[in-house]
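Okay, structure-v3.cif now, which holds mmCIF, C-alpha atoms:
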```cif
data_upload
loop_
_atom_site.label_atom_id
_atom_site.label_comp_id
_atom_site.auth_asym_id
_atom_site.auth_seq_id
_atom_site.Cartn_x
_atom_site.Cartn_y
_atom_site.Cartn_z
CA MET A 1 101.25 122.45 120.99
CA THR A 2 103.15 125.36 119.48
CA ASN A 3 102.71 126.07 115.79
CA ASP A 4 105.41 128.62 114.94
CA LYS A 5 107.05 127.80 111.61
CA ASN A 6 110.21 128.75 109.80
CA GLN A 7 110.43 129.80 106.16
CA ASN A 8 110.45 126.15 105.06
CA GLY A 9 107.16 125.43 106.79
CA ARG A 10 108.77 123.36 109.54
CA PRO A 11 107.68 124.19 113.10
CA THR A 12 110.40 125.86 115.13
CA GLY A 13 111.11 124.79 118.67
CA VAL A 14 110.13 121.58 120.45
CA THR A 15 106.39 120.91 120.62
CA ILE A 16 104.60 119.38 123.61
CA LYS A 17 101.45 117.45 122.71
CA SER A 18 98.21 117.41 124.64
CA SER A 19 96.60 114.12 125.66
CA LYS A 20 94.15 114.47 122.75
CA GLU A 21 96.99 115.03 120.29
CA LEU A 22 98.84 112.03 121.68
CA ASP A 23 95.71 109.94 121.17
CA LEU A 24 95.62 110.97 117.50
CA MET A 25 99.29 110.03 117.09
CA ARG A 26 98.67 106.76 118.87
CA GLU A 27 95.95 106.02 116.29
CA SER A 28 98.08 107.01 113.30
CA GLY A 29 100.93 104.95 114.75
CA GLN A 30 98.83 101.83 114.94
CA ILE A 31 97.62 102.33 111.37
CA VAL A 32 101.17 102.36 110.04
CA ALA A 33 102.15 99.46 112.32
CA GLU A 34 99.29 97.37 110.95
CA THR A 35 100.22 98.35 107.40
CA LYS A 36 103.87 97.51 108.11
CA ILE A 37 102.87 93.96 109.04
CA LEU A 38 100.97 93.51 105.78
CA LEU A 39 103.83 94.91 103.71
CA ALA A 40 106.35 92.61 105.39
CA GLU A 41 104.10 89.63 104.65
CA ALA A 42 103.76 90.69 100.99
CA ILE A 43 107.49 90.95 100.25
CA GLN A 44 108.54 88.24 97.79
CA PRO A 45 110.59 87.85 94.60
CA GLY A 46 108.76 89.09 91.52
CA LEU A 47 106.56 91.65 93.31
CA THR A 48 107.07 95.28 92.33
CA THR A 49 107.48 98.13 94.75
CA ALA A 50 104.59 99.87 92.96
CA GLU A 51 102.41 96.97 94.11
CA LEU A 52 103.68 97.42 97.67
CA ASP A 53 102.81 101.09 97.39
CA ARG A 54 99.25 100.27 96.34
CA ILE A 55 98.87 97.89 99.27
CA ALA A 56 100.10 100.58 101.67
CA GLU A 57 97.84 103.34 100.39
CA ASN A 58 94.77 101.09 100.35
CA GLU A 59 95.41 99.88 103.89
CA ILE A 60 96.08 103.34 105.35
CA ARG A 61 92.97 104.84 103.79
CA LYS A 62 90.84 101.82 104.69
CA ARG A 63 91.80 102.34 108.32
CA GLY A 64 90.84 106.01 108.24
CA GLY A 65 94.28 107.53 107.74
CA VAL A 66 95.90 109.64 105.05
CA PRO A 67 99.39 108.81 103.69
CA SER A 68 101.98 111.21 105.13
CA PHE A 69 104.43 111.03 102.26
CA LYS A 70 102.26 111.25 99.15
CA GLY A 71 102.62 114.80 97.86
CA TYR A 72 105.01 115.80 100.67
CA LEU A 73 107.46 118.23 99.03
CA GLY A 74 106.35 116.65 95.75
CA PHE A 75 107.06 113.02 96.66
CA PRO A 76 104.86 110.88 94.38
CA ALA A 77 104.08 107.81 96.49
CA THR A 78 102.77 106.49 99.81
CA ILE A 79 105.93 104.59 100.78
CA CYS A 80 109.63 105.07 100.26
CA SER A 81 111.08 101.80 98.92
CA SER A 82 114.86 101.55 98.84
CA PHE A 83 116.88 98.60 97.48
CA ASN A 84 120.25 97.30 98.65
CA GLU A 85 122.68 100.27 98.48
CA GLU A 86 119.75 102.72 98.57
CA ILE A 87 119.44 104.17 102.06
CA VAL A 88 116.23 106.21 102.01
CA HIS A 89 113.65 107.97 99.79
CA GLY A 90 113.54 105.41 96.98
CA ILE A 91 110.49 105.90 94.74
CA PRO A 92 108.19 102.89 94.13
CA SER A 93 108.20 101.71 90.52
CA ASN A 94 107.68 98.67 88.30
CA ARG A 95 111.06 97.32 89.39
CA CYS A 96 110.63 93.80 90.77
CA MET A 97 112.16 92.59 93.99
CA ASN A 98 114.64 89.79 93.33
CA GLU A 99 115.85 86.91 95.46
CA GLY A 100 118.63 88.15 97.72
CA ASP A 101 117.67 91.84 97.65
CA LEU A 102 117.32 94.00 100.72
CA ILE A 103 114.28 96.28 100.68
CA SER A 104 113.81 99.19 103.10
CA ILE A 105 110.28 100.56 103.44
CA ASP A 106 109.47 103.87 105.11
CA ILE A 107 105.81 104.72 105.71
CA GLY A 108 103.75 107.35 107.48
CA ALA A 109 100.09 108.15 108.14
CA ILE A 110 98.04 111.10 109.34
CA VAL A 111 94.99 110.93 111.62
CA GLY A 112 93.24 114.12 112.69
CA GLY A 113 96.16 116.18 111.41
CA PHE A 114 98.86 114.26 113.31
CA HIS A 115 101.56 112.05 111.80
CA SER A 116 103.33 108.85 112.80
CA ASP A 117 106.29 107.47 110.87
CA THR A 118 107.98 104.06 110.78
CA ALA A 119 110.46 102.07 108.69
CA PHE A 120 111.93 98.59 108.41
CA THR A 121 114.32 96.60 106.24
CA ALA A 122 113.67 93.02 105.11
CA GLY A 123 115.34 90.44 102.96
CA VAL A 124 113.69 89.19 99.79
CA GLY A 125 113.81 85.39 99.87
CA ASP A 126 117.21 84.03 100.89
CA ILE A 127 119.83 86.67 101.67
CA THR A 128 123.48 86.48 102.69
CA GLY A 129 124.52 86.10 106.30
CA LYS A 130 126.22 89.49 106.20
CA ALA A 131 123.02 91.13 104.96
CA GLN A 132 120.99 89.45 107.70
CA CYS A 133 123.46 90.65 110.34
CA LEU A 134 123.14 94.21 109.02
CA ILE A 135 119.35 94.06 109.31
CA GLU A 136 119.48 92.65 112.83
CA ALA A 137 122.08 95.18 113.97
CA THR A 138 120.07 98.13 112.63
CA GLU A 139 116.92 96.95 114.36
CA LYS A 140 118.83 96.45 117.62
CA ALA A 141 120.37 99.93 117.26
CA LEU A 142 116.83 101.34 117.13
CA ARG A 143 115.85 99.41 120.28
CA LEU A 144 118.96 100.64 122.10
CA GLY A 145 118.11 104.21 121.12
CA ILE A 146 114.53 103.83 122.31
CA ALA A 147 115.77 102.42 125.63
CA GLN A 148 117.39 105.79 126.39
CA VAL A 149 114.08 107.66 126.18
CA LYS A 150 112.73 109.05 129.45
CA PRO A 151 111.95 112.47 130.90
CA GLY A 152 115.13 114.35 131.69
CA ALA A 153 117.33 112.40 129.28
CA ARG A 154 118.91 114.18 126.32
CA ILE A 155 118.84 113.58 122.59
CA GLY A 156 122.57 112.83 122.76
CA ASP A 157 121.86 109.83 124.98
CA ILE A 158 119.86 108.29 122.12
CA SER A 159 122.44 109.29 119.53
CA SER A 160 125.46 107.94 121.40
CA ALA A 161 123.77 104.61 122.22
CA ILE A 162 123.09 104.03 118.52
CA GLN A 163 126.55 105.15 117.40
CA GLU A 164 128.54 103.24 120.01
CA TYR A 165 126.77 99.96 119.30
CA SER A 166 126.75 100.31 115.51
CA GLU A 167 130.31 101.48 115.03
CA GLY A 168 131.44 98.83 117.50
CA LEU A 169 130.24 96.27 114.95
CA GLY A 170 132.05 98.06 112.12
CA TYR A 171 129.05 99.66 110.42
CA GLY A 172 128.92 103.19 109.03
CA VAL A 173 126.31 105.39 110.74
CA VAL A 174 124.64 107.74 108.26
CA ARG A 175 125.09 111.38 109.27
CA GLN A 176 123.34 113.40 106.56
CA TYR A 177 119.89 112.02 107.44
CA VAL A 178 118.59 111.87 111.00
CA GLY A 179 115.54 111.25 113.13
CA HIS A 180 113.24 114.12 114.03
CA GLY A 181 110.41 115.51 116.06
CA ILE A 182 107.00 114.65 114.69
CA GLY A 183 103.38 115.64 115.26
CA ARG A 184 101.23 118.10 113.35
CA SER A 185 104.11 118.23 110.85
CA LEU A 186 105.98 115.19 109.56
CA HIS A 187 109.30 116.80 110.48
CA GLU A 188 109.57 118.99 113.55
CA ASP A 189 112.29 119.95 116.01
CA PRO A 190 114.35 118.48 117.53
CA GLN A 191 116.60 116.62 115.14
CA VAL A 192 117.60 113.18 116.46
CA PRO A 193 121.01 112.23 115.01
CA ASN A 194 122.26 108.65 115.12
CA TYR A 195 125.66 109.84 116.33
CA GLY A 196 126.66 112.13 119.17
CA SER A 197 127.67 112.42 122.81
CA PRO A 198 125.68 111.42 125.89
CA GLY A 199 124.39 114.27 128.01
CA LYS A 200 124.27 116.66 125.06
CA GLY A 201 121.41 118.13 123.05
CA PRO A 202 117.79 119.01 123.89
CA ILE A 203 116.25 117.61 127.05
CA LEU A 204 113.44 115.09 126.61
CA ARG A 205 110.24 116.29 128.27
CA GLN A 206 106.94 114.57 128.89
CA GLY A 207 104.62 115.11 125.93
CA MET A 208 107.39 115.28 123.31
CA THR A 209 107.14 112.94 120.33
CA ILE A 210 110.10 111.95 118.18
CA ALA A 211 110.95 109.55 115.38
CA ILE A 212 114.16 107.60 115.99
CA GLU A 213 115.62 106.09 112.81
CA PRO A 214 119.09 104.56 112.59
CA MET A 215 120.46 104.01 109.08
CA LEU A 216 123.49 101.72 109.01
CA ASN A 217 125.77 101.01 106.07
CA MET A 218 127.92 97.97 105.50
CA GLY A 219 130.76 100.32 104.58
CA SER A 220 131.26 104.08 104.82
CA TRP A 221 128.68 106.45 106.33
CA GLU A 222 128.94 108.75 103.30
CA THR A 223 125.99 109.17 100.92
CA GLU A 224 125.00 110.45 97.48
CA THR A 225 121.66 111.55 96.04
CA MET A 226 120.66 110.12 92.67
CA SER A 227 119.49 112.09 89.63
CA ASP A 228 115.79 111.68 90.56
CA GLY A 229 116.44 114.14 93.39
CA TRP A 230 115.10 111.72 96.01
CA THR A 231 116.89 108.38 96.20
CA VAL A 232 119.85 108.44 98.59
CA VAL A 233 122.53 105.75 98.16
CA THR A 234 125.73 104.75 99.92
CA ALA A 235 128.69 106.50 98.34
CA ASP A 236 130.62 103.21 98.14
CA ARG A 237 127.50 101.31 96.94
CA GLN A 238 127.59 98.87 99.84
CA LEU A 239 124.39 97.65 101.50
CA SER A 240 122.32 99.80 103.87
CA ALA A 241 119.47 99.13 106.31
CA HIS A 242 116.94 101.43 108.00
CA PHE A 243 114.59 101.04 110.97
CA GLU A 244 112.35 103.69 112.54
CA ASP A 245 109.67 104.09 115.20
CA THR A 246 107.65 107.04 116.46
CA VAL A 247 107.75 107.34 120.24
CA ALA A 248 106.31 109.58 122.96
CA ILE A 249 108.05 110.62 126.15
CA THR A 250 105.68 109.80 129.03
CA ASN A 251 105.84 110.01 132.81
CA ALA A 252 106.53 106.26 132.77
CA GLY A 253 109.36 106.58 130.23
CA VAL A 254 108.53 105.85 126.60
CA GLU A 255 105.60 104.66 124.50
CA VAL A 256 106.25 103.32 121.00
CA PHE A 257 103.28 104.38 118.87
CA THR A 258 104.33 102.34 115.82
CA SER A 259 105.12 99.12 117.65
CA VAL A 260 104.13 95.90 115.91
CA ASN A 261 103.93 94.32 119.36
CA MET A 262 101.06 96.63 120.27
CA VAL A 263 99.19 95.54 117.15
CA GLU A 264 99.73 91.86 117.92
CA ALA A 265 98.58 92.39 121.52
CA LYS A 266 95.24 93.69 120.25
CA VAL A 267 94.57 90.63 118.07
#
```
As structure tokens, how would this structure be written, given the file I've shared?
Amino acid sequence: MTNDKNQNGRPTGVTIKSSKELDLMRESGQIVAETKILLAEAIQPGLTTAELDRIAENEIRKRGGVPSFKGYLGFPATICSSFNEEIVHGIPSNRCMNEGDLISIDIGAIVGGFHSDTAFTAGVGDITGKAQCLIEATEKALRLGIAQVKPGARIGDISSAIQEYSEGLGYGVVRQYVGHGIGRSLHEDPQVPNYGSPGKGPILRQGMTIAIEPMLNMGSWETETMSDGWTVVTADRQLSAHFEDTVAITNAGVEVFTSVNMVEAKV
């Protein structure tokens, strides 16, 4: 794995992981997948996002991992928790989840110096049909993006699959925030946009690891950042949803390190 870095501390160029490094990412991926299941089960009206954050940190550390986000560029928490019109990077607080809210949770863990990163959106109690459709469409957009992953494909194949499906349903595809390479650093090259043209962009090679993360808005794709310097919201204040998985490009195609299905298969 290459370790050259730019002035911001982000590795430059695409990194290829060794089998040992992939094993470490596989382990960190399963830790966040297991934690994701527990967080989804805990979501209910009246619970605060600070309580979700405590659950996440306890579970990651109990399983031998270290939270990826806590302290990253000064971020104060283990998870990002974003409500309704908030797209990403919401900070956990004593704010309670209310019936009908959407909550997006982004979470990462480190094992042996290697990160995995995942996200999901859930409804709190009963939600509207439109909100449920947004959640389901965003999750399907992620699956369609993952289905493009194989050696020799290009990043644009992932991007265009997500964009074509999502915009075909009338959703705005966030452009300012994108997926990314991942490994020894939380964010590495290449960037993985959720919009683009097939056949364009970096070639996917065996041993690459990337985080694919569509963010779909009920309205416009445009965003704003709130005064806390972290929380990103839809410019028109319509609902947003976010799903993410960390995947590896293998000789067989793709392996999803943060898959809940892999966790359930082990039980």
Give me the result of the PyMOL selection byres ((chain A and resi 59) around 10) on this file, residue by residue, as a ChimeraX atom specification. /A:31-32,34-36,38-39,53-58,60-67
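Considering the residues A:His89, A:Lys20, A:Arg26, A:His242 and counting all atoms listed in the file, Thr138 of chain A has its shortest atom-to-atom contact with A:His242.
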I would like the residues chosen by the PyMOL selection byres ((chain A and resi 120-135) around 6) on the shown file; could you give them as a ChimeraX atom specification? /A:44,99-105,119,136-138,241-243
Tell me, counting only C-alpha atoms, for each residue of segment 4-100 of chain A within 6 Å of segment 254-262 of chain A, which pair of atoms is nearest and how far apart they are in Å to one decimal, in rows ordered by chain and increasing number, as JSON lines.
```
{"residue": "A:Arg26", "atom": "CA", "partner": "A:Phe257", "partner_atom": "CA", "distance": 5.2}
{"residue": "A:Gly29", "atom": "CA", "partner": "A:Thr258", "partner_atom": "CA", "distance": 4.4}
{"residue": "A:Gln30", "atom": "CA", "partner": "A:Thr258", "partner_atom": "CA", "distance": 5.6}
{"residue": "A:Ala33", "atom": "CA", "partner": "A:Thr258", "partner_atom": "CA", "distance": 5.0}
```
Which residue of A:Gly181, A:Gly168, A:Pro45, A:Gly108 approaches Phe69 of chain A most closely, using all atoms listed in the file: A:Gly108
Explicit residue set for the PyMOL selection byres ((chain A and resi 161) around 8), as a JSON list (two decimals) with C-alpha atoms, in the frame of the given file:
```json
[["chain", "number", "residue", "atom", "x", "y", "z"],
["A", 141, "ALA", "CA", 120.37, 99.93, 117.26],
["A", 144, "LEU", "CA", 118.96, 100.64, 122.10],
["A", 145, "GLY", "CA", 118.11, 104.21, 121.12],
["A", 148, "GLN", "CA", 117.39, 105.79, 126.39],
["A", 157, "ASP", "CA", 121.86, 109.83, 124.98],
["A", 158, "ILE", "CA", 119.86, 108.29, 122.12],
["A", 159, "SER", "CA", 122.44, 109.29, 119.53],
["A", 160, "SER", "CA", 125.46, 107.94, 121.40],
["A", 162, "ILE", "CA", 123.09, 104.03, 118.52],
["A", 163, "GLN", "CA", 126.55, 105.15, 117.40],
["A", 164, "GLU", "CA", 128.54, 103.24, 120.01],
["A", 165, "TYR", "CA", 126.77, 99.96, 119.30],
["A", 198, "PRO", "CA", 125.68, 111.42, 125.89]]
```
Point-to-point distance from atom CA of Glu85 of chain A to atom CA of Gln176 of chain A, Å rounded to tenths: 15.4 Å
Considering all atoms listed in the file, state which residue in the set A:Ser19, A:Gln238, A:Ser116, A:Ser220 is at the smallest distance from Ile182 of chain A. A:Ser116
Using all atoms listed in the file for the distances, tell me which of A:Ser166, A:Asn217, A:Thr225, A:Thr15 is nearest to Arg143 of chain A. A:Ser166
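Rounded to one decimal, atom CA of His187 of chain A and atom CA of Tyr72 of chain A lie 10.8 Å from each other.
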Using only C-alpha atoms, give me every residue within 12 Å of (117.4, 114.0, 128.6) in file coordinates, as a PyMOL selection string. chain A and resi 148-159+197-206+208+249+253
So how many Å separate atom CA of His180 of chain A and atom CA of Ile37 of chain A, to one decimal?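 Result for atom CA of His180 of chain A versus atom CA of Ile37 of chain A: 23.2 Å, one decimal.
For the set A:Ala109, A:Leu24, A:Val14, A:Leu52, the residue with the smallest atom-to-atom gap to Arg95 of chain A is A:Leu52, counting all atoms listed in the file.
Residue nearest Thr223 of chain A, chosen from A:Ile16, A:Val88, A:Leu22, A:Leu186 and counting only C-alpha atoms: A:Val88.
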